[in-house]
$ cat query35.pdb   # PDB, C-alpha atoms
ATOM      1  CA  MET A   1      53.546 -50.627  35.562
ATOM      2  CA  GLY A   2      51.605 -53.402  37.231
ATOM      3  CA  ALA A   3      49.130 -55.748  35.648
ATOM      4  CA  ALA A   4      46.277 -53.853  37.253
ATOM      5  CA  SER A   5      47.374 -50.635  35.600
ATOM      6  CA  GLY A   6      45.547 -51.269  32.336
ATOM      7  CA  LYS A   7      46.596 -50.344  28.843
ATOM      8  CA  VAL A   8      48.784 -47.506  27.666
ATOM      9  CA  LEU A   9      47.713 -45.986  24.373
ATOM     10  CA  ALA A  10      50.739 -44.726  22.438
ATOM     11  CA  LEU A  11      50.318 -42.472  19.392
ATOM     12  CA  ALA A  12      53.200 -42.654  16.950
ATOM     13  CA  GLY A  13      54.488 -41.716  13.536
ATOM     14  CA  GLY A  14      57.894 -41.571  11.904
ATOM     15  CA  VAL A  15      61.239 -42.787  13.178
ATOM     16  CA  GLY A  16      61.093 -40.996  16.556
ATOM     17  CA  GLY A  17      57.687 -42.457  17.272
ATOM     18  CA  ALA A  18      58.868 -45.940  16.330
ATOM     19  CA  LYS A  19      61.870 -45.643  18.662
ATOM     20  CA  LEU A  20      59.759 -44.899  21.725
ATOM     21  CA  ALA A  21      57.213 -47.506  20.635
ATOM     22  CA  LEU A  22      60.021 -50.077  20.762
ATOM     23  CA  GLY A  23      61.060 -48.840  24.195
ATOM     24  CA  LEU A  24      57.509 -49.152  25.471
ATOM     25  CA  ALA A  25      57.250 -52.650  23.981
ATOM     26  CA  ASN A  26      60.441 -53.562  25.860
ATOM     27  CA  VAL A  27      58.887 -52.368  29.129
ATOM     28  CA  LEU A  28      55.202 -53.301  28.842
ATOM     29  CA  PRO A  29      53.699 -56.725  28.084
ATOM     30  CA  PRO A  30      51.527 -57.001  24.960
ATOM     31  CA  GLU A  31      48.265 -56.829  26.901
ATOM     32  CA  GLN A  32      49.239 -53.445  28.357
ATOM     33  CA  LEU A  33      50.175 -51.531  25.197
ATOM     34  CA  VAL A  34      48.350 -50.390  22.063
ATOM     35  CA  ILE A  35      50.363 -48.488  19.462
ATOM     36  CA  VAL A  36      48.229 -46.405  17.098
ATOM     37  CA  VAL A  37      50.062 -45.173  14.035
ATOM     38  CA  ASN A  38      49.612 -42.302  11.594
ATOM     39  CA  THR A  39      48.392 -43.353   8.142
ATOM     40  CA  GLY A  40      48.000 -39.895   6.609
ATOM     41  CA  ASP A  41      51.148 -40.455   4.570
ATOM     42  CA  ASP A  42      49.920 -43.719   3.028
ATOM     43  CA  GLU A  43      50.250 -43.765  -0.740
ATOM     44  CA  GLU A  44      49.979 -46.060  -3.737
ATOM     45  CA  PHE A  45      53.112 -46.913  -5.707
ATOM     46  CA  HIS A  46      53.234 -49.358  -8.611
ATOM     47  CA  GLY A  47      49.682 -50.402  -7.785
ATOM     48  CA  LEU A  48      50.580 -51.269  -4.187
ATOM     49  CA  ARG A  49      49.302 -49.771  -0.927
ATOM     50  CA  VAL A  50      52.286 -48.445   1.018
ATOM     51  CA  SER A  51      51.885 -47.466   4.694
ATOM     52  CA  PRO A  52      55.294 -46.014   5.610
ATOM     53  CA  ASP A  53      54.679 -45.222   9.284
ATOM     54  CA  LEU A  54      52.966 -48.542   9.982
ATOM     55  CA  ASP A  55      55.853 -50.330   8.300
ATOM     56  CA  THR A  56      58.462 -48.369  10.265
ATOM     57  CA  VAL A  57      56.783 -49.312  13.552
ATOM     58  CA  MET A  58      56.321 -52.959  12.525
ATOM     59  CA  TYR A  59      59.890 -53.356  11.285
ATOM     60  CA  THR A  60      61.277 -51.626  14.389
ATOM     61  CA  LEU A  61      59.327 -53.839  16.786
ATOM     62  CA  ALA A  62      60.343 -56.901  14.778
ATOM     63  CA  GLY A  63      64.034 -55.955  15.010
ATOM     64  CA  LEU A  64      64.279 -55.691  11.224
ATOM     65  CA  ALA A  65      64.535 -51.934  10.664
ATOM     66  CA  ASN A  66      67.524 -50.363   8.955
ATOM     67  CA  PRO A  67      69.462 -48.907  11.926
ATOM     68  CA  GLU A  68      71.079 -46.162   9.850
ATOM     69  CA  ALA A  69      67.963 -44.849   8.116
ATOM     70  CA  GLY A  70      65.486 -45.824  10.832
ATOM     71  CA  TRP A  71      63.021 -46.875   8.131
ATOM     72  CA  GLY A  72      63.016 -49.726   5.653
ATOM     73  CA  LEU A  73      64.666 -53.081   6.252
ATOM     74  CA  ALA A  74      68.245 -53.780   7.256
ATOM     75  CA  GLY A  75      70.384 -55.303   4.508
ATOM     76  CA  GLU A  76      67.824 -54.409   1.855
ATOM     77  CA  SER A  77      68.420 -54.737  -1.898
ATOM     78  CA  PHE A  78      66.728 -52.752  -4.670
ATOM     79  CA  GLU A  79      66.844 -54.967  -7.747
ATOM     80  CA  ALA A  80      63.094 -54.733  -8.423
ATOM     81  CA  LEU A  81      63.298 -50.936  -8.330
ATOM     82  CA  LYS A  82      66.171 -51.000 -10.820
ATOM     83  CA  MET A  83      64.102 -53.154 -13.158
ATOM     84  CA  LEU A  84      61.102 -50.844 -12.805
ATOM     85  CA  SER A  85      63.372 -47.956 -13.763
ATOM     86  CA  ARG A  86      64.378 -49.809 -16.948
ATOM     87  CA  TYR A  87      60.710 -50.027 -17.809
ATOM     88  CA  GLY A  88      60.370 -46.261 -17.367
ATOM     89  CA  ALA A  89      58.401 -46.366 -14.117
ATOM     90  CA  PRO A  90      58.948 -43.521 -11.631
ATOM     91  CA  THR A  91      61.254 -44.771  -8.891
ATOM     92  CA  TRP A  92      61.786 -41.702  -6.694
ATOM     93  CA  PHE A  93      60.138 -43.517  -3.776
ATOM     94  CA  ASN A  94      62.591 -46.195  -2.640
ATOM     95  CA  LEU A  95      60.991 -49.596  -2.198
ATOM     96  CA  GLY A  96      63.343 -52.421  -1.335
ATOM     97  CA  ASP A  97      62.884 -55.967  -2.539
ATOM     98  CA  ARG A  98      61.774 -57.437   0.791
ATOM     99  CA  ASP A  99      59.811 -54.287   1.601
ATOM    100  CA  LEU A 100      57.828 -54.881  -1.603
ATOM    101  CA  ALA A 101      56.628 -58.183  -0.164
ATOM    102  CA  THR A 102      54.957 -56.268   2.685
ATOM    103  CA  HIS A 103      53.132 -53.993   0.254
ATOM    104  CA  ILE A 104      52.146 -56.853  -2.034
ATOM    105  CA  ARG A 105      50.623 -58.781   0.852
ATOM    106  CA  ARG A 106      48.884 -55.693   2.319
ATOM    107  CA  THR A 107      47.395 -54.834  -1.078
ATOM    108  CA  GLU A 108      46.269 -58.423  -1.610
ATOM    109  CA  LEU A 109      44.497 -58.465   1.763
ATOM    110  CA  LEU A 110      42.813 -55.106   1.126
ATOM    111  CA  ARG A 111      41.593 -56.283  -2.288
ATOM    112  CA  GLN A 112      40.090 -59.328  -0.560
ATOM    113  CA  GLY A 113      37.959 -56.923   1.462
ATOM    114  CA  ARG A 114      40.018 -56.959   4.640
ATOM    115  CA  SER A 115      40.360 -53.690   6.543
ATOM    116  CA  LEU A 116      43.716 -51.989   7.043
ATOM    117  CA  SER A 117      43.491 -52.979  10.725
ATOM    118  CA  GLU A 118      43.027 -56.639   9.790
ATOM    119  CA  ALA A 119      45.829 -56.492   7.244
ATOM    120  CA  THR A 120      48.136 -54.887   9.801
ATOM    121  CA  ARG A 121      47.392 -57.601  12.362
ATOM    122  CA  GLU A 122      48.246 -60.297   9.815
ATOM    123  CA  LEU A 123      51.475 -58.590   8.814
ATOM    124  CA  CYS A 124      52.454 -58.200  12.471
ATOM    125  CA  ARG A 125      51.805 -61.889  13.083
ATOM    126  CA  GLY A 126      54.047 -62.765  10.172
ATOM    127  CA  LEU A 127      56.833 -60.586  11.571
ATOM    128  CA  GLY A 128      56.457 -61.962  15.101
ATOM    129  CA  VAL A 129      55.279 -58.648  16.544
ATOM    130  CA  GLN A 130      53.231 -59.457  19.650
ATOM    131  CA  HIS A 131      52.207 -55.951  20.734
ATOM    132  CA  ALA A 132      49.101 -54.434  19.190
ATOM    133  CA  VAL A 133      49.875 -52.104  16.287
ATOM    134  CA  ALA A 134      46.895 -50.419  14.642
ATOM    135  CA  PRO A 135      46.300 -47.730  12.036
ATOM    136  CA  MET A 136      44.664 -44.530  13.234
ATOM    137  CA  THR A 137      41.737 -45.274  10.912
ATOM    138  CA  ASP A 138      40.622 -47.836   8.354
ATOM    139  CA  ASP A 139      39.293 -44.974   6.238
ATOM    140  CA  LYS A 140      41.379 -43.042   3.745
ATOM    141  CA  VAL A 141      42.934 -39.867   5.150
ATOM    142  CA  ARG A 142      45.533 -38.103   3.034
ATOM    143  CA  THR A 143      48.017 -35.587   4.400
ATOM    144  CA  MET A 144      48.511 -32.656   2.045
ATOM    145  CA  VAL A 145      51.264 -30.168   2.841
ATOM    146  CA  ASP A 146      50.243 -26.570   2.220
ATOM    147  CA  THR A 147      53.274 -24.965   0.538
ATOM    148  CA  VAL A 148      53.997 -21.739  -1.319
ATOM    149  CA  GLU A 149      53.656 -23.860  -4.480
ATOM    150  CA  GLY A 150      50.215 -25.114  -3.438
ATOM    151  CA  LEU A 151      49.047 -28.354  -1.847
ATOM    152  CA  LEU A 152      51.466 -31.267  -2.212
ATOM    153  CA  PRO A 153      50.743 -34.885  -1.241
ATOM    154  CA  PHE A 154      52.909 -35.807   1.730
ATOM    155  CA  GLN A 155      55.244 -38.176  -0.102
ATOM    156  CA  GLU A 156      55.679 -35.707  -2.952
ATOM    157  CA  TYR A 157      56.726 -33.054  -0.423
ATOM    158  CA  PHE A 158      58.737 -35.283   1.894
ATOM    159  CA  VAL A 159      60.501 -37.708  -0.442
ATOM    160  CA  ARG A 160      60.434 -36.408  -4.001
ATOM    161  CA  ARG A 161      60.914 -32.730  -3.100
ATOM    162  CA  ARG A 162      62.966 -33.439   0.078
ATOM    163  CA  CYS A 163      60.877 -30.920   2.065
ATOM    164  CA  GLU A 164      62.280 -28.093  -0.090
ATOM    165  CA  PRO A 165      59.080 -26.067  -0.774
ATOM    166  CA  GLN A 166      58.285 -23.603   2.003
ATOM    167  CA  ALA A 167      55.486 -25.021   4.137
ATOM    168  CA  ARG A 168      52.563 -23.087   5.578
ATOM    169  CA  GLY A 169      50.787 -25.972   7.286
ATOM    170  CA  ALA A 170      49.020 -29.225   6.487
ATOM    171  CA  ARG A 171      45.530 -30.403   5.604
ATOM    172  CA  PHE A 172      44.078 -33.852   6.045
ATOM    173  CA  HIS A 173      41.738 -34.780   3.227
ATOM    174  CA  GLY A 174      39.044 -37.221   4.288
ATOM    175  CA  ALA A 175      39.642 -36.773   8.010
ATOM    176  CA  ASP A 176      36.249 -35.262   8.790
ATOM    177  CA  ALA A 177      34.465 -38.296   7.373
ATOM    178  CA  SER A 178      36.808 -40.822   8.976
ATOM    179  CA  LYS A 179      36.462 -42.669  12.251
ATOM    180  CA  PRO A 180      39.037 -44.267  14.555
ATOM    181  CA  SER A 181      40.062 -47.826  13.804
ATOM    182  CA  PRO A 182      38.442 -50.407  16.108
ATOM    183  CA  ALA A 183      41.566 -50.803  18.258
ATOM    184  CA  PHE A 184      41.978 -47.030  18.513
ATOM    185  CA  ASP A 185      38.320 -46.544  19.371
ATOM    186  CA  GLU A 186      38.489 -49.226  22.067
ATOM    187  CA  ALA A 187      41.695 -47.838  23.570
ATOM    188  CA  LEU A 188      40.347 -44.291  23.692
ATOM    189  CA  GLY A 189      37.579 -45.610  25.903
ATOM    190  CA  SER A 190      39.468 -48.104  28.041
ATOM    191  CA  ALA A 191      43.165 -47.154  28.258
ATOM    192  CA  ARG A 192      44.346 -45.806  31.603
ATOM    193  CA  ALA A 193      47.047 -43.581  30.115
ATOM    194  CA  LEU A 194      47.956 -41.906  26.840
ATOM    195  CA  ALA A 195      51.427 -41.178  25.480
ATOM    196  CA  PHE A 196      52.276 -39.039  22.453
ATOM    197  CA  CYS A 197      55.571 -40.351  21.097
ATOM    198  CA  PRO A 198      58.208 -37.829  19.914
ATOM    199  CA  SER A 199      56.815 -37.489  16.406
ATOM    200  CA  ASN A 200      56.449 -34.546  14.051
ATOM    201  CA  PRO A 201      53.454 -32.663  15.491
ATOM    202  CA  PHE A 202      52.273 -31.375  12.098
ATOM    203  CA  LEU A 203      52.778 -34.420   9.865
ATOM    204  CA  SER A 204      52.575 -37.400  12.256
ATOM    205  CA  ILE A 205      50.394 -36.420  15.223
ATOM    206  CA  ASP A 206      47.996 -33.869  13.714
ATOM    207  CA  PRO A 207      46.692 -36.434  11.178
ATOM    208  CA  ILE A 208      45.781 -38.724  14.089
ATOM    209  CA  LEU A 209      44.080 -35.866  15.933
ATOM    210  CA  ALA A 210      42.171 -34.969  12.753
ATOM    211  CA  VAL A 211      40.370 -38.335  12.626
ATOM    212  CA  GLY A 212      36.709 -37.797  13.403
ATOM    213  CA  GLY A 213      36.124 -37.136  17.113
ATOM    214  CA  VAL A 214      39.657 -38.012  18.245
ATOM    215  CA  ARG A 215      40.776 -34.564  19.383
ATOM    216  CA  GLU A 216      37.601 -34.152  21.452
ATOM    217  CA  ARG A 217      37.963 -37.594  23.004
ATOM    218  CA  ILE A 218      41.569 -36.923  23.986
ATOM    219  CA  ARG A 219      40.504 -33.616  25.531
ATOM    220  CA  ALA A 220      38.000 -35.586  27.620
ATOM    221  CA  PHE A 221      40.393 -38.453  28.390
ATOM    222  CA  THR A 222      40.459 -38.905  32.171
ATOM    223  CA  GLY A 223      43.802 -40.668  32.563
ATOM    224  CA  PRO A 224      47.232 -39.045  32.455
ATOM    225  CA  ARG A 225      48.228 -37.711  29.030
ATOM    226  CA  LEU A 226      51.922 -37.360  28.272
ATOM    227  CA  VAL A 227      53.938 -35.881  25.416
ATOM    228  CA  VAL A 228      57.622 -36.439  24.679
ATOM    229  CA  SER A 229      58.916 -33.400  22.811
ATOM    230  CA  PRO A 230      60.422 -34.107  19.370
ATOM    231  CA  ILE A 231      62.369 -30.826  19.572
ATOM    232  CA  VAL A 232      65.638 -30.968  21.512
ATOM    233  CA  GLY A 233      67.861 -27.950  21.994
ATOM    234  CA  GLY A 234      65.993 -25.940  19.383
ATOM    235  CA  GLU A 235      66.237 -28.566  16.638
ATOM    236  CA  ALA A 236      64.380 -31.643  15.445
ATOM    237  CA  LEU A 237      66.375 -34.833  15.804
ATOM    238  CA  ARG A 238      64.956 -36.051  12.477
ATOM    239  CA  GLY A 239      62.657 -34.796   9.767
ATOM    240  CA  PRO A 240      61.279 -31.382   8.818
ATOM    241  CA  ALA A 241      59.538 -30.349  12.051
ATOM    242  CA  ALA A 242      62.032 -27.560  12.870
ATOM    243  CA  LYS A 243      62.082 -26.323   9.267
ATOM    244  CA  MET A 244      58.288 -26.212   9.178
ATOM    245  CA  MET A 245      58.108 -24.347  12.478
ATOM    246  CA  ARG A 246      60.479 -21.680  11.180
ATOM    247  CA  GLU A 247      58.541 -21.333   7.938
ATOM    248  CA  MET A 248      55.272 -21.048   9.847
ATOM    249  CA  GLY A 249      56.702 -18.278  12.009
ATOM    250  CA  ARG A 250      56.843 -20.322  15.196
ATOM    251  CA  PRO A 251      59.837 -20.471  17.540
ATOM    252  CA  VAL A 252      61.704 -23.761  17.229
ATOM    253  CA  SER A 253      61.557 -24.895  20.830
ATOM    254  CA  CYS A 254      59.980 -27.470  23.091
ATOM    255  CA  VAL A 255      57.774 -24.668  24.431
ATOM    256  CA  SER A 256      56.322 -24.074  20.970
ATOM    257  CA  VAL A 257      55.560 -27.795  20.735
ATOM    258  CA  ALA A 258      53.902 -27.709  24.147
ATOM    259  CA  GLU A 259      51.682 -24.811  23.062
ATOM    260  CA  GLY A 260      50.307 -27.015  20.290
ATOM    261  CA  TYR A 261      49.257 -29.633  22.840
ATOM    262  CA  ALA A 262      47.299 -27.221  25.049
ATOM    263  CA  GLY A 263      44.271 -29.047  26.462
ATOM    264  CA  LEU A 264      45.566 -32.418  25.278
ATOM    265  CA  CYS A 265      48.501 -32.942  27.616
ATOM    266  CA  ASP A 266      49.085 -33.110  31.371
ATOM    267  CA  LEU A 267      52.739 -34.204  31.441
ATOM    268  CA  PHE A 268      55.380 -32.824  29.097
ATOM    269  CA  VAL A 269      58.752 -34.547  28.848
ATOM    270  CA  ILE A 270      61.737 -32.521  27.636
ATOM    271  CA  ASP A 271      65.400 -33.246  27.172
ATOM    272  CA  GLN A 272      68.067 -32.147  29.619
ATOM    273  CA  ALA A 273      69.213 -29.632  26.994
ATOM    274  CA  ASP A 274      65.898 -27.809  27.455
ATOM    275  CA  ALA A 275      65.770 -27.770  31.260
ATOM    276  CA  ALA A 276      65.740 -23.955  31.215
ATOM    277  CA  HIS A 277      62.211 -24.052  29.718
ATOM    278  CA  VAL A 278      60.594 -25.804  32.682
ATOM    279  CA  ASP A 279      58.837 -22.695  33.993
ATOM    280  CA  GLU A 280      57.471 -21.759  30.553
ATOM    281  CA  ILE A 281      55.929 -25.190  30.146
ATOM    282  CA  LYS A 282      54.527 -25.075  33.660
ATOM    283  CA  ALA A 283      52.862 -21.772  32.765
ATOM    284  CA  LEU A 284      50.976 -23.591  29.992
ATOM    285  CA  GLY A 285      49.292 -25.811  32.600
ATOM    286  CA  MET A 286      51.469 -28.860  32.010
ATOM    287  CA  ALA A 287      53.776 -30.625  34.446
ATOM    288  CA  PRO A 288      57.277 -30.578  32.916
ATOM    289  CA  HIS A 289      59.695 -33.462  33.421
ATOM    290  CA  VAL A 290      63.334 -33.533  32.358
ATOM    291  CA  THR A 291      65.341 -36.555  31.215
ATOM    292  CA  ASN A 292      67.467 -37.733  28.309
ATOM    293  CA  THR A 293      65.122 -38.025  25.316
ATOM    294  CA  VAL A 294      67.746 -38.714  22.624
ATOM    295  CA  MET A 295      67.369 -42.376  21.663
ATOM    296  CA  ASN A 296      70.556 -43.406  19.882
ATOM    297  CA  ALA A 297      70.735 -46.945  21.262
ATOM    298  CA  ASP A 298      68.146 -49.501  22.367
ATOM    299  CA  ARG A 299      69.071 -48.869  25.998
ATOM    300  CA  ASP A 300      68.118 -45.203  25.493
ATOM    301  CA  LYS A 301      64.723 -46.214  24.110
ATOM    302  CA  THR A 302      64.073 -48.514  27.039
ATOM    303  CA  ALA A 303      65.290 -45.975  29.606
ATOM    304  CA  LEU A 304      63.012 -43.278  28.208
ATOM    305  CA  ALA A 305      60.094 -45.719  28.119
ATOM    306  CA  ARG A 306      60.671 -46.626  31.783
ATOM    307  CA  PHE A 307      60.713 -42.928  32.666
ATOM    308  CA  VAL A 308      57.464 -42.389  30.733
ATOM    309  CA  CYS A 309      55.797 -45.382  32.381
ATOM    310  CA  ARG A 310      56.771 -44.202  35.868
ATOM    311  CA  LEU A 311      55.210 -40.826  35.166
ATOM    312  CA  LEU A 312      52.040 -42.389  33.774
ATOM    313  CA  GLU A 313      51.777 -44.805  36.704
ATOM    314  CA  GLY A 314      52.142 -41.979  39.200
ATOM    315  CA  GLY A 315      49.994 -39.505  37.296
ATOM    316  CA  GLY A 316      53.020 -37.249  36.999
ATOM    317  CA  GLN A 317      53.475 -36.818  40.741
TER
END
$ encode --input "query35.pdb" --output "structure tokens"
Amino acid sequence: MGAASGKVLALAGGVGGAKLALGLANVLPPEQLVIVVNTGDDEEFHGLRVSPDLDTVMYTLAGLANPEAGWGLAGESFEALKMLSRYGAPTWFNLGDRDLATHIRRTELLRQGRSLSEATRELCRGLGVQHAVAPMTDDKVRTMVDTVEGLLPFQEYFVRRRCEPQARGARFHGADASKPSPAFDEALGSARALAFCPSNPFLSIDPILAVGGVRERIRAFTGPRLVVSPIVGGEALRGPAAKMMREMGRPVSCVSVAEGYAGLCDLFVIDQADAAHVDEIKALGMAPHVTNTVMNADRDKTALARFVCRLLEGGGQ
């Protein structure tokens, strides 16, 4: 994409979102990319503000992420967590020793009156991340998973309960009263293109769309809007998206994902394994495009990002 092309606004959450965010950062210069990240799964542990999706994106862009897990830091140790366990503190949410430094600094900045956006910028500077990474909102939005056992906070459902309770959907407490972060607000008005990274549609993207006015503004967005499906060959590459779809009575397919983006998407990217679904996606009013979307290595992330950028530059033609 040329310098005159303007910014791409990428919406991301989770490991899949962070992978494509890295690919886009490898392809686009900092002035042409804004990565807006889900914060609905933010939580407080041991008195510290933890922003798991923001951290995953920051660590990935900084080249520090654990390559096996996709989250956390490579070569991490957990001595502080072991000591907290000796004191009787709950330690079901794994926080590594160096990871704790991120949460300590974020919490310190927030207590000084800085916004989450400002804290994120400072953390990114410290990690050497040059591309803009911003929270979806500086307000508090909390993802609650609606299960057969009742509403569960996201981390309780995802980490402590390992997604075991049957899910019926999700709610986003505080979303109606929230507003987009300054960087998100600016990009919604000025970006030339919008890309939904391959993130869980219910737990990573829907919280972003639930922020006050965002869904309506994306509906009215005049540039090309692209989605990369997180479902490949009838399964999610990571996380509980496929499990949730089954439990909610929805077919586990890229077509089912596309149906959820009706009115929000012009271009829909699917994996080669799903090429047979091209006509079904076309029938939904979206232009389908087929490529390899499985990002096992950095070259895969960059290749997919180049494919996405070509589509956005050409408006999907």
$ resolve_selection --input "query35.pdb" --expression "the PyMOL selection byres ((chain A and resi 305-315) around 9)" --output "PDB file with C-alpha atoms, in the coordinates of the input"
ATOM      1  CA  MET A   1      53.546 -50.627  35.562  1.00  0.00           C
ATOM      2  CA  GLY A   2      51.605 -53.402  37.231  1.00  0.00           C
ATOM      3  CA  SER A   5      47.374 -50.635  35.600  1.00  0.00           C
ATOM      4  CA  VAL A   8      48.784 -47.506  27.666  1.00  0.00           C
ATOM      5  CA  LEU A  20      59.759 -44.899  21.725  1.00  0.00           C
ATOM      6  CA  ALA A  21      57.213 -47.506  20.635  1.00  0.00           C
ATOM      7  CA  LEU A  22      60.021 -50.077  20.762  1.00  0.00           C
ATOM      8  CA  GLY A  23      61.060 -48.840  24.195  1.00  0.00           C
ATOM      9  CA  LEU A  24      57.509 -49.152  25.471  1.00  0.00           C
ATOM     10  CA  ALA A  25      57.250 -52.650  23.981  1.00  0.00           C
ATOM     11  CA  ASN A  26      60.441 -53.562  25.860  1.00  0.00           C
ATOM     12  CA  VAL A  27      58.887 -52.368  29.129  1.00  0.00           C
ATOM     13  CA  LEU A  28      55.202 -53.301  28.842  1.00  0.00           C
ATOM     14  CA  ARG A 192      44.346 -45.806  31.603  1.00  0.00           C
ATOM     15  CA  ALA A 193      47.047 -43.581  30.115  1.00  0.00           C
ATOM     16  CA  LEU A 194      47.956 -41.906  26.840  1.00  0.00           C
ATOM     17  CA  ALA A 195      51.427 -41.178  25.480  1.00  0.00           C
ATOM     18  CA  GLY A 223      43.802 -40.668  32.563  1.00  0.00           C
ATOM     19  CA  PRO A 224      47.232 -39.045  32.455  1.00  0.00           C
ATOM     20  CA  ARG A 225      48.228 -37.711  29.030  1.00  0.00           C
ATOM     21  CA  LEU A 226      51.922 -37.360  28.272  1.00  0.00           C
ATOM     22  CA  VAL A 228      57.622 -36.439  24.679  1.00  0.00           C
ATOM     23  CA  ASP A 266      49.085 -33.110  31.371  1.00  0.00           C
ATOM     24  CA  LEU A 267      52.739 -34.204  31.441  1.00  0.00           C
ATOM     25  CA  VAL A 269      58.752 -34.547  28.848  1.00  0.00           C
ATOM     26  CA  HIS A 289      59.695 -33.462  33.421  1.00  0.00           C
ATOM     27  CA  THR A 291      65.341 -36.555  31.215  1.00  0.00           C
ATOM     28  CA  ASP A 300      68.118 -45.203  25.493  1.00  0.00           C
ATOM     29  CA  LYS A 301      64.723 -46.214  24.110  1.00  0.00           C
ATOM     30  CA  THR A 302      64.073 -48.514  27.039  1.00  0.00           C
ATOM     31  CA  ALA A 303      65.290 -45.975  29.606  1.00  0.00           C
ATOM     32  CA  LEU A 304      63.012 -43.278  28.208  1.00  0.00           C
ATOM     33  CA  GLY A 316      53.020 -37.249  36.999  1.00  0.00           C
ATOM     34  CA  GLN A 317      53.475 -36.818  40.741  1.00  0.00           C
TER      35      GLN A 317
END
$ resolve_selection --input "query35.pdb" --expression "the PyMOL selection byres ((chain A and resi 235) around 12)" --output "list of chain:residue names"
A:Asn200, A:Ser229, A:Pro230, A:Ile231, A:Val232, A:Gly233, A:Gly234, A:Ala236, A:Leu237, A:Arg238, A:Gly239, A:Pro240, A:Ala241, A:Ala242, A:Lys243, A:Met244, A:Met245, A:Arg246, A:Pro251, A:Val252, A:Ser253, A:Cys254, A:Ser256, A:Val257, A:Asp271, A:Ala273, A:Asp274, A:Val294
$ atom_distance --input "query35.pdb" --atom1 "atom CA of Phe221 of chain A" --atom2 "atom CA of Ala119 of chain A"
28.3 Å
$ closest_residue --input "query35.pdb" --among "A:Ala18, A:Ala10, A:Met83, A:Ala287" --to "Tyr59 of chain A" --atoms "all atoms listed in the file"
A:Ala18
$ atom_distance --input "query35.pdb" --atom1 "atom CA of Ala275 of chain A" --atom2 "atom CA of Pro288 of chain A"
9.1 Å
$ closest_atom_pairs --input "query35.pdb" --of "segment 199-242 of chain A" --to "segment 127-148 of chain A" --cutoff "10 Å" --atoms "all atoms listed in the file" --output "CSV"
residue,atom,partner,partner_atom,distance
A:Phe202,CA,A:Val145,CA,9.4
A:Leu203,CA,A:Thr143,CA,7.3
A:Ser204,CA,A:Thr143,CA,9.3
A:Asp206,CA,A:Thr143,CA,9.5
A:Pro207,CA,A:Thr143,CA,7.0
A:Ile208,CA,A:Met136,CA,6.0
A:Leu209,CA,A:Met136,CA,9.1
A:Ala210,CA,A:Val141,CA,9.1
A:Val211,CA,A:Thr137,CA,7.3
A:Gly212,CA,A:Thr137,CA,9.3
A:Val214,CA,A:Met136,CA,9.6
$ residues_around --input "query35.pdb" --residues "Lys7 of chain A" --least-positions-apart "3" --cutoff "8 Å" --atoms "only C-alpha atoms" --output "list in words"
Glu31, Gln32, Leu33, Val34, Ala187, Ser190, Ala191, Arg192 and Ala193 of chain A
$ residues_near_point --input "query35.pdb" --point "(53.9, -39.8, -0.8)" --cutoff "7 Å" --atoms "all atoms listed in the file" --output "PyMOL selection string"
chain A and resi 41-43+153-156+159
$ atom_distance --input "query35.pdb" --atom1 "atom CA of Gly260 of chain A" --atom2 "atom CA of Arg162 of chain A"
24.7 Å
$ axis_aligned_box --input "query35.pdb" --around "segment 17-29 of chain A" --padding-each-side "8 Å" --output "JSON"
{"center_x": 57.8, "center_y": -49.6, "center_z": 22.7, "size_x": 24.2, "size_y": 30.3, "size_z": 28.8}
$ resolve_selection --input "query35.pdb" --expression "the PyMOL selection byres ((chain A and resi 99) around 12)" --output "PyMOL selection string"
chain A and resi 48-52+55-56+58-59+64-66+71-81+94-98+100-106+123
$ closest_residue --input "query35.pdb" --among "A:Ile205, A:Ala220, A:Val15, A:Met295" --to "Gly189 of chain A" --atoms "all atoms listed in the file"
A:Ala220
$ closest_residue --input "query35.pdb" --among "A:Gly263, A:Gly113, A:Gly213, A:Gly70" --to "Ala175 of chain A" --atoms "only C-alpha atoms"
A:Gly213
$ residues_near_point --input "query35.pdb" --point "(53.3, -25.2, 30.7)" --cutoff "10 Å" --atoms "all atoms listed in the file" --output "ChimeraX atom specification"
/A:255,258-259,261-262,265-268,277-288
$ closest_residue --input "query35.pdb" --among "A:Tyr87, A:Pro201, A:Glu216, A:Asp53" --to "Gly40 of chain A" --atoms "all atoms listed in the file"
A:Asp53
$ decode --input "query35.pdb" --residues "segment 8-13 of chain A" --atoms "N, CA and C atoms" --output "tab-separated table (two decimals), in the first residue's frame"
chain	number	residue	atom	x	y	z
A	8	VAL	N	-4.72	1.99	7.80
A	8	VAL	CA	-5.56	0.80	7.95
A	8	VAL	C	-5.87	0.67	9.43
A	9	LEU	N	-7.14	0.50	9.74
A	9	LEU	CA	-7.58	0.26	11.10
A	9	LEU	C	-7.79	-1.23	11.27
A	10	ALA	N	-7.01	-1.86	12.13
A	10	ALA	CA	-7.13	-3.29	12.38
A	10	ALA	C	-7.73	-3.51	13.76
A	11	LEU	N	-8.76	-4.36	13.83
A	11	LEU	CA	-9.41	-4.71	15.09
A	11	LEU	C	-8.97	-6.10	15.49
A	12	ALA	N	-8.47	-6.25	16.72
A	12	ALA	CA	-7.84	-7.50	17.10
A	12	ALA	C	-8.15	-7.88	18.54
A	13	GLY	N	-8.03	-9.19	18.78
A	13	GLY	CA	-8.12	-9.74	20.12
A	13	GLY	C	-7.60	-11.15	20.07
